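Quick look at my_file35.txt (compact mmCIF, C-alpha atoms):
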```txt
# COMPACT_ATOMS: atom_id res chain seq x y z
CA MET A 1 26.25 32.65 32.89
CA HIS A 2 29.17 30.34 32.30
CA ARG A 3 29.97 27.79 29.67
CA THR A 4 30.64 24.15 30.42
CA LYS A 5 32.06 21.58 28.07
CA VAL A 6 30.15 18.28 28.10
CA ARG A 7 31.85 15.20 26.69
CA VAL A 8 29.61 13.28 24.27
CA ALA A 9 31.94 10.92 22.33
CA GLU A 10 29.13 9.40 20.31
CA ASP A 11 29.22 7.98 16.82
CA VAL A 12 26.80 10.00 14.73
CA LEU A 13 25.39 6.79 13.25
CA ASP A 14 25.08 4.99 16.62
CA ALA A 15 21.33 5.45 16.87
CA ASN A 16 20.85 3.99 13.41
CA ALA A 17 23.29 1.16 14.10
CA THR A 18 21.41 0.19 17.26
CA ILE A 19 18.10 -0.06 15.40
CA ALA A 20 19.82 -1.92 12.54
CA ARG A 21 21.06 -4.52 15.04
CA ALA A 22 17.52 -4.90 16.40
CA ASN A 23 16.22 -5.44 12.85
CA ARG A 24 18.94 -7.98 12.22
CA ALA A 25 18.02 -9.84 15.39
CA ASP A 26 14.37 -9.96 14.32
CA PHE A 27 15.31 -11.20 10.85
CA ASP A 28 17.58 -13.86 12.41
CA GLN A 29 14.78 -14.90 14.73
CA ALA A 30 12.49 -15.36 11.72
CA GLY A 31 15.19 -17.25 9.84
CA VAL A 32 15.28 -14.67 7.06
CA ARG A 33 18.51 -13.56 5.38
CA VAL A 34 18.53 -9.98 4.12
CA VAL A 35 20.23 -8.35 1.14
CA ASN A 36 20.37 -4.56 0.79
CA LEU A 37 20.35 -3.76 -2.94
CA MET A 38 21.54 -0.28 -3.90
CA SER A 39 22.38 1.76 -7.01
CA ALA A 40 21.96 5.10 -8.72
CA PRO A 41 18.47 5.80 -10.08
CA GLY A 42 17.84 3.90 -13.30
CA ALA A 43 20.75 1.46 -12.99
CA GLY A 44 18.34 -1.48 -13.20
CA LYS A 45 17.76 -2.76 -9.67
CA THR A 46 14.11 -3.58 -10.24
CA ALA A 47 14.69 -5.02 -13.72
CA LEU A 48 17.43 -7.30 -12.38
CA LEU A 49 15.22 -8.46 -9.54
CA GLU A 50 12.40 -9.15 -11.98
CA ARG A 51 14.75 -11.31 -14.05
CA ALA A 52 16.35 -13.03 -11.09
CA LEU A 53 13.12 -13.79 -9.21
CA ALA A 54 10.88 -14.66 -12.17
CA GLY A 55 10.00 -18.33 -11.87
CA GLY A 56 11.31 -18.50 -8.32
CA LEU A 57 14.73 -19.01 -6.78
CA SER A 58 15.73 -22.65 -6.74
CA ASP A 59 18.55 -25.08 -7.35
CA GLU A 60 19.27 -28.75 -6.65
CA LEU A 61 18.96 -28.06 -2.92
CA GLY A 62 15.39 -26.87 -3.35
CA GLU A 63 13.51 -23.62 -3.39
CA VAL A 64 14.23 -20.43 -1.52
CA ARG A 65 11.29 -18.10 -1.08
CA ALA A 66 12.14 -14.47 -1.62
CA GLY A 67 10.30 -11.32 -0.67
CA VAL A 68 11.07 -7.74 -1.56
CA LEU A 69 10.90 -4.57 0.51
CA GLU A 70 10.62 -1.82 -2.03
CA GLY A 71 12.00 1.55 -0.95
CA ASP A 72 10.99 4.58 -2.98
CA VAL A 73 10.66 8.26 -2.31
CA GLN A 74 7.20 8.18 -3.87
CA GLY A 75 4.77 5.75 -5.47
CA SER A 76 4.58 1.99 -5.90
CA LEU A 77 5.47 1.47 -9.58
CA ASP A 78 8.38 -0.87 -8.79
CA ALA A 79 6.32 -2.84 -6.29
CA GLN A 80 3.61 -3.33 -8.91
CA ARG A 81 6.18 -4.67 -11.37
CA LEU A 82 7.49 -7.20 -8.86
CA ALA A 83 4.02 -8.19 -7.62
CA MET A 84 3.25 -9.36 -11.19
CA LEU A 85 5.80 -12.13 -10.55
CA HIS A 86 3.86 -13.29 -7.47
CA VAL A 87 6.75 -12.27 -5.25
CA PRO A 88 5.57 -10.89 -1.90
CA VAL A 89 6.33 -7.17 -2.08
CA THR A 90 6.02 -4.57 0.64
CA GLN A 91 6.18 -0.92 -0.31
CA LEU A 92 8.00 1.57 1.87
CA ASN A 93 7.76 5.22 0.85
CA THR A 94 10.11 7.78 2.30
CA ALA A 95 7.91 10.69 1.13
CA PRO A 96 5.97 12.85 3.62
CA GLY A 97 5.11 10.82 6.63
CA PHE A 98 8.68 9.55 6.68
CA GLY A 99 10.26 12.86 5.73
CA GLY A 100 10.94 12.28 2.05
CA GLU A 101 14.38 10.82 2.63
CA CYS A 102 16.68 9.89 -0.23
CA HIS A 103 17.61 6.58 1.42
CA LEU A 104 16.22 3.95 3.74
CA ASP A 105 17.45 3.94 7.30
CA ALA A 106 17.11 1.30 10.01
CA ASN A 107 14.10 2.99 11.59
CA MET A 108 12.14 3.09 8.34
CA VAL A 109 12.79 -0.61 7.80
CA ARG A 110 11.77 -1.25 11.42
CA SER A 111 8.48 0.53 10.79
CA ALA A 112 7.81 -1.90 7.93
CA LEU A 113 8.63 -5.07 9.88
CA SER A 114 5.05 -5.80 10.86
CA ALA A 115 3.97 -5.54 7.22
CA LEU A 116 6.62 -8.00 6.02
CA PRO A 117 5.57 -11.65 5.54
CA LEU A 118 8.63 -12.89 7.44
CA GLY A 119 6.95 -16.21 8.19
CA GLU A 120 6.60 -16.99 4.48
CA ILE A 121 10.04 -16.10 3.16
CA ASP A 122 13.66 -17.19 3.51
CA LEU A 123 15.26 -14.20 1.83
CA LEU A 124 14.35 -10.53 1.90
CA VAL A 125 15.78 -8.22 -0.73
CA ILE A 126 15.55 -4.60 0.34
CA GLU A 127 15.57 -2.46 -2.78
CA ASN A 128 16.93 0.84 -1.52
CA VAL A 129 16.16 4.28 -2.89
CA GLY A 130 18.19 5.03 -6.03
CA ASN A 131 21.16 7.04 -4.76
CA LEU A 132 24.91 6.36 -4.60
CA VAL A 133 25.60 8.52 -1.56
CA CYS A 134 23.22 8.27 1.39
CA PRO A 135 22.21 4.58 1.37
CA ALA A 136 25.88 3.65 1.83
CA GLU A 137 25.87 5.35 5.24
CA PHE A 138 22.87 3.63 6.76
CA ARG A 139 22.81 -0.05 7.71
CA VAL A 140 19.26 -1.33 7.86
CA GLY A 141 19.86 -4.79 9.38
CA GLU A 142 21.09 -6.57 6.26
CA ASP A 143 23.38 -9.60 6.08
CA ALA A 144 24.92 -8.58 2.77
CA ARG A 145 25.06 -5.59 0.47
CA ALA A 146 24.91 -5.63 -3.30
CA MET A 147 24.96 -2.74 -5.72
CA VAL A 148 24.17 -2.27 -9.38
CA CYS A 149 26.41 -0.09 -11.52
CA SER A 150 25.32 0.18 -15.14
CA VAL A 151 27.72 0.77 -18.02
CA THR A 152 25.81 3.89 -19.06
CA GLU A 153 26.93 5.62 -15.86
CA GLY A 154 30.59 5.89 -16.88
CA GLU A 155 33.83 4.25 -15.76
CA ASP A 156 34.63 6.78 -13.04
CA LYS A 157 31.80 6.02 -10.60
CA PRO A 158 33.87 3.95 -8.12
CA LEU A 159 36.26 6.90 -7.80
CA LYS A 160 33.42 9.36 -7.23
CA TYR A 161 31.41 7.27 -4.78
CA PRO A 162 34.05 5.23 -2.92
CA LEU A 163 31.93 4.83 0.21
CA MET A 164 29.22 3.00 -1.75
CA PHE A 165 31.59 0.83 -3.73
CA ARG A 166 33.64 -0.07 -0.64
CA THR A 167 30.65 -1.03 1.44
CA CYS A 168 29.25 -3.66 -0.97
CA ASP A 169 29.90 -7.41 -1.06
CA LEU A 170 28.84 -7.70 -4.70
CA VAL A 171 28.92 -5.25 -7.62
CA LEU A 172 26.58 -6.05 -10.49
CA ILE A 173 27.67 -4.37 -13.71
CA ASN A 174 24.43 -4.05 -15.66
CA LYS A 175 23.36 -3.19 -19.22
CA ILE A 176 26.35 -4.97 -20.76
CA ASP A 177 24.20 -5.60 -23.86
CA LEU A 178 24.78 -1.89 -24.60
CA LEU A 179 28.59 -2.16 -24.63
CA PRO A 180 28.92 -2.31 -28.45
CA HIS A 181 27.08 1.02 -28.69
CA LEU A 182 28.98 2.95 -26.01
CA ASP A 183 32.33 4.65 -25.67
CA PHE A 184 32.76 2.79 -22.44
CA SER A 185 35.79 0.84 -21.29
CA LEU A 186 34.88 -2.11 -19.13
CA ASP A 187 38.57 -2.54 -18.29
CA ALA A 188 38.71 1.03 -16.98
CA LEU A 189 35.66 0.47 -14.78
CA LEU A 190 37.04 -2.79 -13.40
CA GLY A 191 40.41 -1.11 -12.81
CA ASN A 192 38.74 1.70 -10.86
CA LEU A 193 36.67 -0.80 -8.90
CA GLU A 194 39.84 -2.73 -8.02
CA ARG A 195 41.50 0.48 -6.79
CA ILE A 196 38.57 1.37 -4.53
CA HIS A 197 37.56 -2.10 -3.29
CA PRO A 198 40.35 -4.56 -4.04
CA GLY A 199 39.06 -8.09 -4.52
CA VAL A 200 35.34 -7.30 -4.39
CA GLN A 201 33.18 -9.79 -6.25
CA HIS A 202 31.60 -8.50 -9.45
CA MET A 203 29.28 -9.90 -12.12
CA LEU A 204 28.60 -8.74 -15.66
CA VAL A 205 24.86 -8.82 -16.27
CA SER A 206 22.12 -7.62 -18.56
CA ALA A 207 18.62 -7.43 -17.16
CA ARG A 208 17.42 -6.95 -20.75
CA THR A 209 18.91 -10.11 -22.30
CA GLY A 210 19.20 -12.10 -19.09
CA GLU A 211 22.94 -12.59 -19.51
CA GLY A 212 24.65 -13.22 -16.18
CA VAL A 213 21.38 -13.10 -14.23
CA ARG A 214 21.64 -16.78 -13.28
CA ALA A 215 24.89 -16.00 -11.46
CA PHE A 216 23.11 -13.24 -9.52
CA ALA A 217 20.25 -15.61 -8.67
CA ASP A 218 22.81 -18.16 -7.45
CA TRP A 219 24.45 -15.49 -5.30
CA LEU A 220 21.04 -14.70 -3.76
CA LEU A 221 20.45 -18.42 -3.15
CA ALA A 222 23.82 -18.71 -1.45
CA ARG A 223 23.05 -15.69 0.78
CA ALA A 224 19.69 -17.23 1.75
CA ARG A 225 21.42 -20.47 2.73
CA GLU A 226 24.08 -18.84 4.84
CA ARG A 227 23.92 -19.87 8.43
CA THR A 228 23.00 -17.40 11.09
CA SER A 229 25.57 -16.25 13.61
CA ALA A 230 24.14 -18.94 15.89
CA GLY A 231 25.15 -21.50 13.28
CA ASP A 232 21.75 -22.95 12.44
CA LEU A 233 20.07 -23.05 9.07
CA ALA A 234 17.05 -20.85 8.60
CA PRO A 235 14.27 -22.77 10.40
CA ARG A 236 11.95 -23.22 7.43
CA GLN A 237 14.78 -24.44 5.22
CA ALA A 238 15.89 -26.84 7.94
CA ALA A 239 12.33 -28.11 8.30
CA ARG A 240 12.08 -28.64 4.56
CA ALA A 241 15.44 -30.38 4.47
CA ALA A 242 14.18 -32.70 7.22
CA GLY A 243 10.98 -33.28 5.26
CA THR A 244 8.74 -31.79 7.90
CA PRO A 245 6.41 -28.82 7.44
CA ALA A 246 7.72 -25.52 8.77
CA MET B 247 23.44 15.04 0.05
CA HIS B 248 23.55 12.82 3.15
CA GLU B 249 24.50 15.86 5.23
CA LEU B 250 20.83 16.45 6.10
CA ALA B 251 20.49 13.07 7.79
CA LEU B 252 23.90 13.42 9.45
CA ALA B 253 23.08 16.90 10.74
CA ARG B 254 19.87 15.52 12.23
CA SER B 255 21.82 12.78 14.05
CA ILE B 256 24.37 15.30 15.35
CA LEU B 257 21.56 17.54 16.57
CA ASP B 258 19.82 14.60 18.28
CA ALA B 259 23.02 13.66 20.12
CA ALA B 260 23.65 17.25 21.23
CA VAL B 261 20.09 17.75 22.47
CA ARG B 262 20.20 14.43 24.34
CA HIS B 263 23.30 15.53 26.23
CA CYS B 264 22.50 19.18 26.92
CA ASP B 265 20.08 18.51 29.78
CA GLY B 266 17.83 21.34 28.65
CA HIS B 267 20.59 23.95 28.63
CA ARG B 268 21.32 26.19 25.71
CA VAL B 269 24.10 24.78 23.54
CA SER B 270 26.64 27.30 22.25
CA ARG B 271 29.02 24.97 20.45
CA VAL B 272 29.16 21.42 19.09
CA ASP B 273 32.48 19.76 18.23
CA VAL B 274 32.47 16.92 15.72
CA THR B 275 35.28 14.86 14.19
CA VAL B 276 34.72 14.09 10.53
CA GLY B 277 36.83 11.51 8.73
CA ALA B 278 37.68 12.19 5.10
CA LEU B 279 36.17 8.87 4.04
CA ARG B 280 32.70 9.94 5.15
CA GLN B 281 32.51 12.22 2.10
CA VAL B 282 30.95 15.02 4.09
CA VAL B 283 30.74 18.48 2.52
CA PRO B 284 31.51 20.79 5.48
CA ASP B 285 29.48 23.78 4.26
CA SER B 286 26.50 21.60 3.57
CA LEU B 287 26.70 19.95 7.01
CA ALA B 288 26.97 23.36 8.69
CA PHE B 289 24.03 24.75 6.72
CA ASN B 290 21.79 21.76 7.45
CA PHE B 291 22.71 21.84 11.13
CA GLU B 292 21.95 25.55 11.37
CA VAL B 293 18.51 25.14 9.81
CA LEU B 294 17.56 22.04 11.81
CA ALA B 295 18.77 23.60 15.08
CA ARG B 296 16.20 26.39 14.95
CA ALA B 297 13.76 26.25 17.86
CA THR B 298 15.93 23.66 19.65
CA PRO B 299 18.49 24.17 22.46
CA CYS B 300 21.13 24.20 19.70
CA GLU B 301 19.72 27.24 17.91
CA GLY B 302 22.62 29.49 16.98
CA ALA B 303 25.24 27.00 18.18
CA SER B 304 28.43 26.86 16.16
CA LEU B 305 29.26 23.50 14.66
CA ARG B 306 33.03 22.98 14.76
CA GLN B 307 34.12 20.32 12.31
CA HIS B 308 37.53 18.75 12.89
CA LEU B 309 38.55 16.99 9.72
CA ARG B 310 40.67 13.82 9.87
CA PRO B 311 42.58 12.68 6.80
CA ALA B 312 42.22 9.04 5.79
CA ARG B 313 45.11 6.73 6.73
CA LEU B 314 45.53 3.18 5.51
CA ARG B 315 47.74 0.28 6.45
CA CYS B 316 48.73 -2.58 4.17
CA ALA B 317 49.37 -6.18 5.18
CA CYS B 318 53.00 -5.52 4.14
CA GLY B 319 53.32 -2.95 6.93
CA GLU B 320 53.18 0.19 4.80
CA GLU B 321 51.11 3.07 6.23
CA TRP B 322 50.09 6.10 4.22
CA GLU B 323 47.68 8.99 4.01
CA LEU B 324 45.11 8.60 1.26
CA ALA B 325 45.70 11.39 -1.25
CA GLU B 326 43.88 9.97 -4.27
CA PRO B 327 41.01 7.51 -4.33
CA SER B 328 42.96 4.27 -4.41
CA PHE B 329 42.96 1.70 -1.64
CA ARG B 330 45.83 -0.34 -3.08
CA CYS B 331 49.20 -0.23 -1.37
CA PRO B 332 51.58 2.27 -3.02
CA ARG B 333 54.55 0.09 -2.05
CA CYS B 334 53.52 -3.50 -2.87
CA ASP B 335 50.29 -2.85 -4.86
CA GLY B 336 48.53 -5.26 -2.50
CA GLY B 337 44.79 -5.03 -1.88
CA GLN B 338 44.73 -6.17 1.74
CA THR B 339 44.54 -2.71 3.23
CA THR B 340 42.71 -1.57 6.31
CA VAL B 341 41.52 1.90 7.20
CA ILE B 342 43.20 3.02 10.41
CA ASP B 343 41.92 6.60 10.49
CA GLY B 344 39.53 8.89 8.66
CA ASP B 345 36.33 6.82 8.65
CA GLN B 346 34.89 8.28 11.84
CA LEU B 347 31.98 10.63 12.36
CA LEU B 348 31.84 11.50 16.03
CA VAL B 349 30.13 14.05 18.20
CA GLU B 350 33.04 14.74 20.56
CA SER B 351 31.59 17.32 22.93
CA ILE B 352 29.12 20.13 23.36
CA GLU B 353 29.44 23.41 25.21
CA ILE B 354 26.41 24.35 27.28
CA GLU B 355 25.49 27.63 28.91
CA GLU B 356 24.60 27.49 32.57
CA ALA B 357 23.41 30.29 34.84
CA ALA B 358 26.05 31.14 37.48
CA CYS B 359 25.19 29.54 40.78
CA THR B 360 23.76 32.17 43.13
CA ALA B 361 22.73 29.88 45.95
CA PRO B 362 24.23 30.83 49.34
CA ARG B 363 27.13 28.62 50.40
```

Please, can you express the file's structure as structure tokens?
Amino acid sequence: MHRTKVRVAEDVLDANATIARANRADFDQAGVRVVNLMSAPGAGKTALLERALAGGLSDELGEVRAGVLEGDVQGSLDAQRLAMLHVPVTQLNTAPGFGGECHLDANMVRSALSALPLGEIDLLVIENVGNLVCPAEFRVGEDARAMVCSVTEGEDKPLKYPLMFRTCDLVLINKIDLLPHLDFSLDALLGNLERIHPGVQHMLVSARTGEGVRAFADWLLARARERTSAGDLAPRQAARAAGTPA
Amino acid sequence: MHELALARSILDAAVRHCDGHRVSRVDVTVGALRQVVPDSLAFNFEVLARATPCEGASLRQHLRPARLRCACGEEWELAEPSFRCPRCDGGQTTVIDGDQLLVESIEIEEAACTAPR
């Protein structure tokens, strides 16, 4: 018996990244832009989406149809809340059958592709499992990443979860209606955020009062209208802009 | 917490490369920015490796400190969680080391060749 060293030189997340690229290609093909929305449990992801998507996403350029892929360890409570708004919602549970994971990975999202109404939407928001650690590691095929950090979580969170805060394109600071009642320094949070992810875009919002939610809705609209890497508008939007049915 | 999923990926890579041989050792490079807890990764790997060719294999973790470079040219090792330049306070910094998570190599056990030459 002798021992032989075998060179591997493989990124641990390569397998996930490969599937994420395949998802992205399928989303591009369907003309759907994808936002991965992450946060700790209870930060207000679902409540913000309810506020932002209620009444539809539209501006002077027209309407953008949004769908939601709802990731949860168990149950469909969030999906039921969003379905009340007549937003197409697909539930993805990570509980037994998927292994009860604390995050979504590219393969789980791939398994849900056939259930997604990609032909009817321009924008897919993937609401990840509430967790500030694992979801940051796993790309799922998204175009952009947003996270919610609520003021009840404390000012130190960017310092404790730098991977999450550094990986996001937008940080939504939620529950600002509670600021008068908390020993919480918004300046300290923003200072910590600036140390971890200098220059990252942030918005102050309250899902409860609706403050700042329009800015989030506008950000989603802008993501949905971003051109694909090939440079073309999403096909359905282009068809609408040209006045022809998609 | 993410160590379970990472351990599974490391195990998958090792099993894919071992060609059915028993694996005695797996070497991984872990960047500080990956926020991996070494004991947790080792524990998860040990449990997941049971009844696979990696059962009992030692997982050697080589830790890499995080290094950043600023647009002003300054390079430094990240000692506290701040990605701003310590020299110019600029925010245009790039990570040049410490964000990797690589399976570098595995050591497999092979029966000595007894075939006549």

Note to self: Neighbouring residues of Ala79 (chain A) were defined as those with any atom within 12 Å, considering only C-alpha atoms; residues of the same chain fewer than 5 positions away were excluded. Please report them as a PyMOL selection string.
What the structure shows: chain A and resi 45-47+49-50+67-72+74+84-93+126-127

Hey, can you spit out that residue selection with C-alpha atoms as a short mmCIF file (atom, residue, chain, number, x, y, z; two decimals), keeping the file's coordinate frame?
```cif
data_model
loop_
_atom_site.label_atom_id
_atom_site.label_comp_id
_atom_site.auth_asym_id
_atom_site.auth_seq_id
_atom_site.Cartn_x
_atom_site.Cartn_y
_atom_site.Cartn_z
CA LYS A 45 17.76 -2.76 -9.67
CA THR A 46 14.11 -3.58 -10.24
CA ALA A 47 14.69 -5.02 -13.72
CA LEU A 49 15.22 -8.46 -9.54
CA GLU A 50 12.40 -9.15 -11.98
CA GLY A 67 10.30 -11.32 -0.67
CA VAL A 68 11.07 -7.74 -1.56
CA LEU A 69 10.90 -4.57 0.51
CA GLU A 70 10.62 -1.82 -2.03
CA GLY A 71 12.00 1.55 -0.95
CA ASP A 72 10.99 4.58 -2.98
CA GLN A 74 7.20 8.18 -3.87
CA MET A 84 3.25 -9.36 -11.19
CA LEU A 85 5.80 -12.13 -10.55
CA HIS A 86 3.86 -13.29 -7.47
CA VAL A 87 6.75 -12.27 -5.25
CA PRO A 88 5.57 -10.89 -1.90
CA VAL A 89 6.33 -7.17 -2.08
CA THR A 90 6.02 -4.57 0.64
CA GLN A 91 6.18 -0.92 -0.31
CA LEU A 92 8.00 1.57 1.87
CA ASN A 93 7.76 5.22 0.85
CA ILE A 126 15.55 -4.60 0.34
CA GLU A 127 15.57 -2.46 -2.78
#
```

request  = Write out as a list in words each polymer residue whose atoms come within 7 Å of Glu353 (chain B), counting all atoms listed in the file; drop sequence neighbours fewer than 2 positions from it.
outcome  =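 Near Glu353 (chain B), the qualifying residues are Arg3, Thr4, Lys5 and Val6 of chain A; Val269, Ser270, Arg271, Val272, Ser351 and Glu355 of chain B.
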
Of A:Leu104, A:Val148, A:Ala54, A:Leu77, the one nearest to chain B when counting all atoms listed in the file is A:Leu104

Item checked: Nearest residue to chain A from the set B:Asp265, B:Ala295, B:Arg280, B:Pro332 (distances using only C-alpha atoms) ->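 Among B:Asp265, B:Ala295, B:Arg280, B:Pro332, it is B:Arg280 that comes nearest to chain A.
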
Where does chain B meet chain A within 10 Å, residue by residue, with the nearest atom pair and distance in Å to one decimal for each, counting only C-alpha atoms, listed by chain and rising number, as JSON lines?
```
{"residue": "B:Met247", "atom": "CA", "partner": "A:Cys134", "partner_atom": "CA", "distance": 6.9}
{"residue": "B:His248", "atom": "CA", "partner": "A:Cys134", "partner_atom": "CA", "distance": 4.9}
{"residue": "B:Glu249", "atom": "CA", "partner": "A:Cys134", "partner_atom": "CA", "distance": 8.6}
{"residue": "B:Leu250", "atom": "CA", "partner": "A:Glu101", "partner_atom": "CA", "distance": 9.2}
{"residue": "B:Ala251", "atom": "CA", "partner": "A:Glu101", "partner_atom": "CA", "distance": 8.3}
{"residue": "B:Leu252", "atom": "CA", "partner": "A:Val12", "partner_atom": "CA", "distance": 6.9}
{"residue": "B:Ala253", "atom": "CA", "partner": "A:Val12", "partner_atom": "CA", "distance": 8.8}
{"residue": "B:Arg254", "atom": "CA", "partner": "A:Val12", "partner_atom": "CA", "distance": 9.2}
{"residue": "B:Ser255", "atom": "CA", "partner": "A:Val12", "partner_atom": "CA", "distance": 5.7}
{"residue": "B:Ile256", "atom": "CA", "partner": "A:Val12", "partner_atom": "CA", "distance": 5.9}
{"residue": "B:Leu257", "atom": "CA", "partner": "A:Val12", "partner_atom": "CA", "distance": 9.4}
{"residue": "B:Asp258", "atom": "CA", "partner": "A:Val12", "partner_atom": "CA", "distance": 9.1}
{"residue": "B:Ala259", "atom": "CA", "partner": "A:Glu10", "partner_atom": "CA", "distance": 7.5}
{"residue": "B:Ala260", "atom": "CA", "partner": "A:Val8", "partner_atom": "CA", "distance": 7.8}
{"residue": "B:Arg262", "atom": "CA", "partner": "A:Val8", "partner_atom": "CA", "distance": 9.5}
{"residue": "B:His263", "atom": "CA", "partner": "A:Val8", "partner_atom": "CA", "distance": 7.0}
{"residue": "B:Cys264", "atom": "CA", "partner": "A:Val6", "partner_atom": "CA", "distance": 7.8}
{"residue": "B:Arg268", "atom": "CA", "partner": "A:Arg3", "partner_atom": "CA", "distance": 9.6}
{"residue": "B:Val269", "atom": "CA", "partner": "A:Arg3", "partner_atom": "CA", "distance": 9.0}
{"residue": "B:Ser270", "atom": "CA", "partner": "A:Arg3", "partner_atom": "CA", "distance": 8.1}
{"residue": "B:Arg271", "atom": "CA", "partner": "A:Lys5", "partner_atom": "CA", "distance": 8.9}
{"residue": "B:Val272", "atom": "CA", "partner": "A:Lys5", "partner_atom": "CA", "distance": 9.4}
{"residue": "B:Asp273", "atom": "CA", "partner": "A:Val8", "partner_atom": "CA", "distance": 9.3}
{"residue": "B:Val274", "atom": "CA", "partner": "A:Ala9", "partner_atom": "CA", "distance": 8.9}
{"residue": "B:Thr275", "atom": "CA", "partner": "A:Asp11", "partner_atom": "CA", "distance": 9.5}
{"residue": "B:Val276", "atom": "CA", "partner": "A:Val12", "partner_atom": "CA", "distance": 9.9}
{"residue": "B:Leu279", "atom": "CA", "partner": "A:Leu163", "partner_atom": "CA", "distance": 7.0}
{"residue": "B:Arg280", "atom": "CA", "partner": "A:Leu163", "partner_atom": "CA", "distance": 7.1}
{"residue": "B:Gln281", "atom": "CA", "partner": "A:Leu163", "partner_atom": "CA", "distance": 7.6}
{"residue": "B:Glu326", "atom": "CA", "partner": "A:Leu159", "partner_atom": "CA", "distance": 8.9}
{"residue": "B:Pro327", "atom": "CA", "partner": "A:Leu159", "partner_atom": "CA", "distance": 5.9}
{"residue": "B:Ser328", "atom": "CA", "partner": "A:Arg195", "partner_atom": "CA", "distance": 4.7}
{"residue": "B:Phe329", "atom": "CA", "partner": "A:Ile196", "partner_atom": "CA", "distance": 5.3}
{"residue": "B:Arg330", "atom": "CA", "partner": "A:Arg195", "partner_atom": "CA", "distance": 5.8}
{"residue": "B:Cys331", "atom": "CA", "partner": "A:Arg195", "partner_atom": "CA", "distance": 9.4}
{"residue": "B:Asp335", "atom": "CA", "partner": "A:Arg195", "partner_atom": "CA", "distance": 9.6}
{"residue": "B:Gly336", "atom": "CA", "partner": "A:Pro198", "partner_atom": "CA", "distance": 8.4}
{"residue": "B:Gly337", "atom": "CA", "partner": "A:Pro198", "partner_atom": "CA", "distance": 5.0}
{"residue": "B:Gln338", "atom": "CA", "partner": "A:Pro198", "partner_atom": "CA", "distance": 7.4}
{"residue": "B:Thr339", "atom": "CA", "partner": "A:Pro198", "partner_atom": "CA", "distance": 8.6}
{"residue": "B:Asp345", "atom": "CA", "partner": "A:Leu163", "partner_atom": "CA", "distance": 9.7}
{"residue": "B:Gln346", "atom": "CA", "partner": "A:Asp11", "partner_atom": "CA", "distance": 7.6}
{"residue": "B:Leu347", "atom": "CA", "partner": "A:Val12", "partner_atom": "CA", "distance": 5.7}
{"residue": "B:Leu348", "atom": "CA", "partner": "A:Asp11", "partner_atom": "CA", "distance": 4.5}
{"residue": "B:Val349", "atom": "CA", "partner": "A:Glu10", "partner_atom": "CA", "distance": 5.2}
{"residue": "B:Glu350", "atom": "CA", "partner": "A:Ala9", "partner_atom": "CA", "distance": 4.4}
{"residue": "B:Ser351", "atom": "CA", "partner": "A:Arg7", "partner_atom": "CA", "distance": 4.3}
{"residue": "B:Ile352", "atom": "CA", "partner": "A:Val6", "partner_atom": "CA", "distance": 5.2}
{"residue": "B:Glu353", "atom": "CA", "partner": "A:Lys5", "partner_atom": "CA", "distance": 4.3}
{"residue": "B:Ile354", "atom": "CA", "partner": "A:Thr4", "partner_atom": "CA", "distance": 5.3}
{"residue": "B:Glu355", "atom": "CA", "partner": "A:Arg3", "partner_atom": "CA", "distance": 4.5}
{"residue": "B:Glu356", "atom": "CA", "partner": "A:His2", "partner_atom": "CA", "distance": 5.4}
{"residue": "B:Ala357", "atom": "CA", "partner": "A:Met1", "partner_atom": "CA", "distance": 4.2}
{"residue": "B:Ala358", "atom": "CA", "partner": "A:Met1", "partner_atom": "CA", "distance": 4.8}
{"residue": "B:Cys359", "atom": "CA", "partner": "A:Met1", "partner_atom": "CA", "distance": 8.5}
```

re CA of Ser39 (chain A) and CA of Cys149 (chain A): distance 6.3 Å

CA of Asp343 (chain B) sits from CA of Arg315 (chain B) at a separation of 9.5 Å

- Query: Counting only C-alpha atoms, which of A:Ile173, A:Glu155, A:Phe165, A:Val73 gets nearest to Asp187 (chain A)?
  - Reply: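 Counting only C-alpha atoms, the residue closest to Asp187 (chain A) is A:Glu155.
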
Which distance in Å separates CA of Arg333 (chain B) and CA of Cys168 (chain A), to one decimal?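 Calculated distance between CA of Arg333 (chain B) and CA of Cys168 (chain A) is 25.6 Å.
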
Quiz prompt | Contacts of Arg33 (chain A) within 9 Å, all atoms listed in the file, excl. fewer than 5 positions in-chain, as a ChimeraX atom specification | solution = /A:24,27-28,122-125,142-144,223-228,234

Quick one: write out the picked residues with C-alpha atoms as a PDB file, keeping the file's coordinate frame?
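As a result, out_25.pdb now contains:
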```
ATOM      1  CA  ARG A  24      18.940  -7.980  12.220  1.00  0.00           C
ATOM      2  CA  PHE A  27      15.310 -11.200  10.850  1.00  0.00           C
ATOM      3  CA  ASP A  28      17.580 -13.860  12.410  1.00  0.00           C
ATOM      4  CA  ASP A 122      13.660 -17.190   3.510  1.00  0.00           C
ATOM      5  CA  LEU A 123      15.260 -14.200   1.830  1.00  0.00           C
ATOM      6  CA  LEU A 124      14.350 -10.530   1.900  1.00  0.00           C
ATOM      7  CA  VAL A 125      15.780  -8.220  -0.730  1.00  0.00           C
ATOM      8  CA  GLU A 142      21.090  -6.570   6.260  1.00  0.00           C
ATOM      9  CA  ASP A 143      23.380  -9.600   6.080  1.00  0.00           C
ATOM     10  CA  ALA A 144      24.920  -8.580   2.770  1.00  0.00           C
ATOM     11  CA  ARG A 223      23.050 -15.690   0.780  1.00  0.00           C
ATOM     12  CA  ALA A 224      19.690 -17.230   1.750  1.00  0.00           C
ATOM     13  CA  ARG A 225      21.420 -20.470   2.730  1.00  0.00           C
ATOM     14  CA  GLU A 226      24.080 -18.840   4.840  1.00  0.00           C
ATOM     15  CA  ARG A 227      23.920 -19.870   8.430  1.00  0.00           C
ATOM     16  CA  THR A 228      23.000 -17.400  11.090  1.00  0.00           C
ATOM     17  CA  ALA A 234      17.050 -20.850   8.600  1.00  0.00           C
TER      18      ALA A 234
END
```
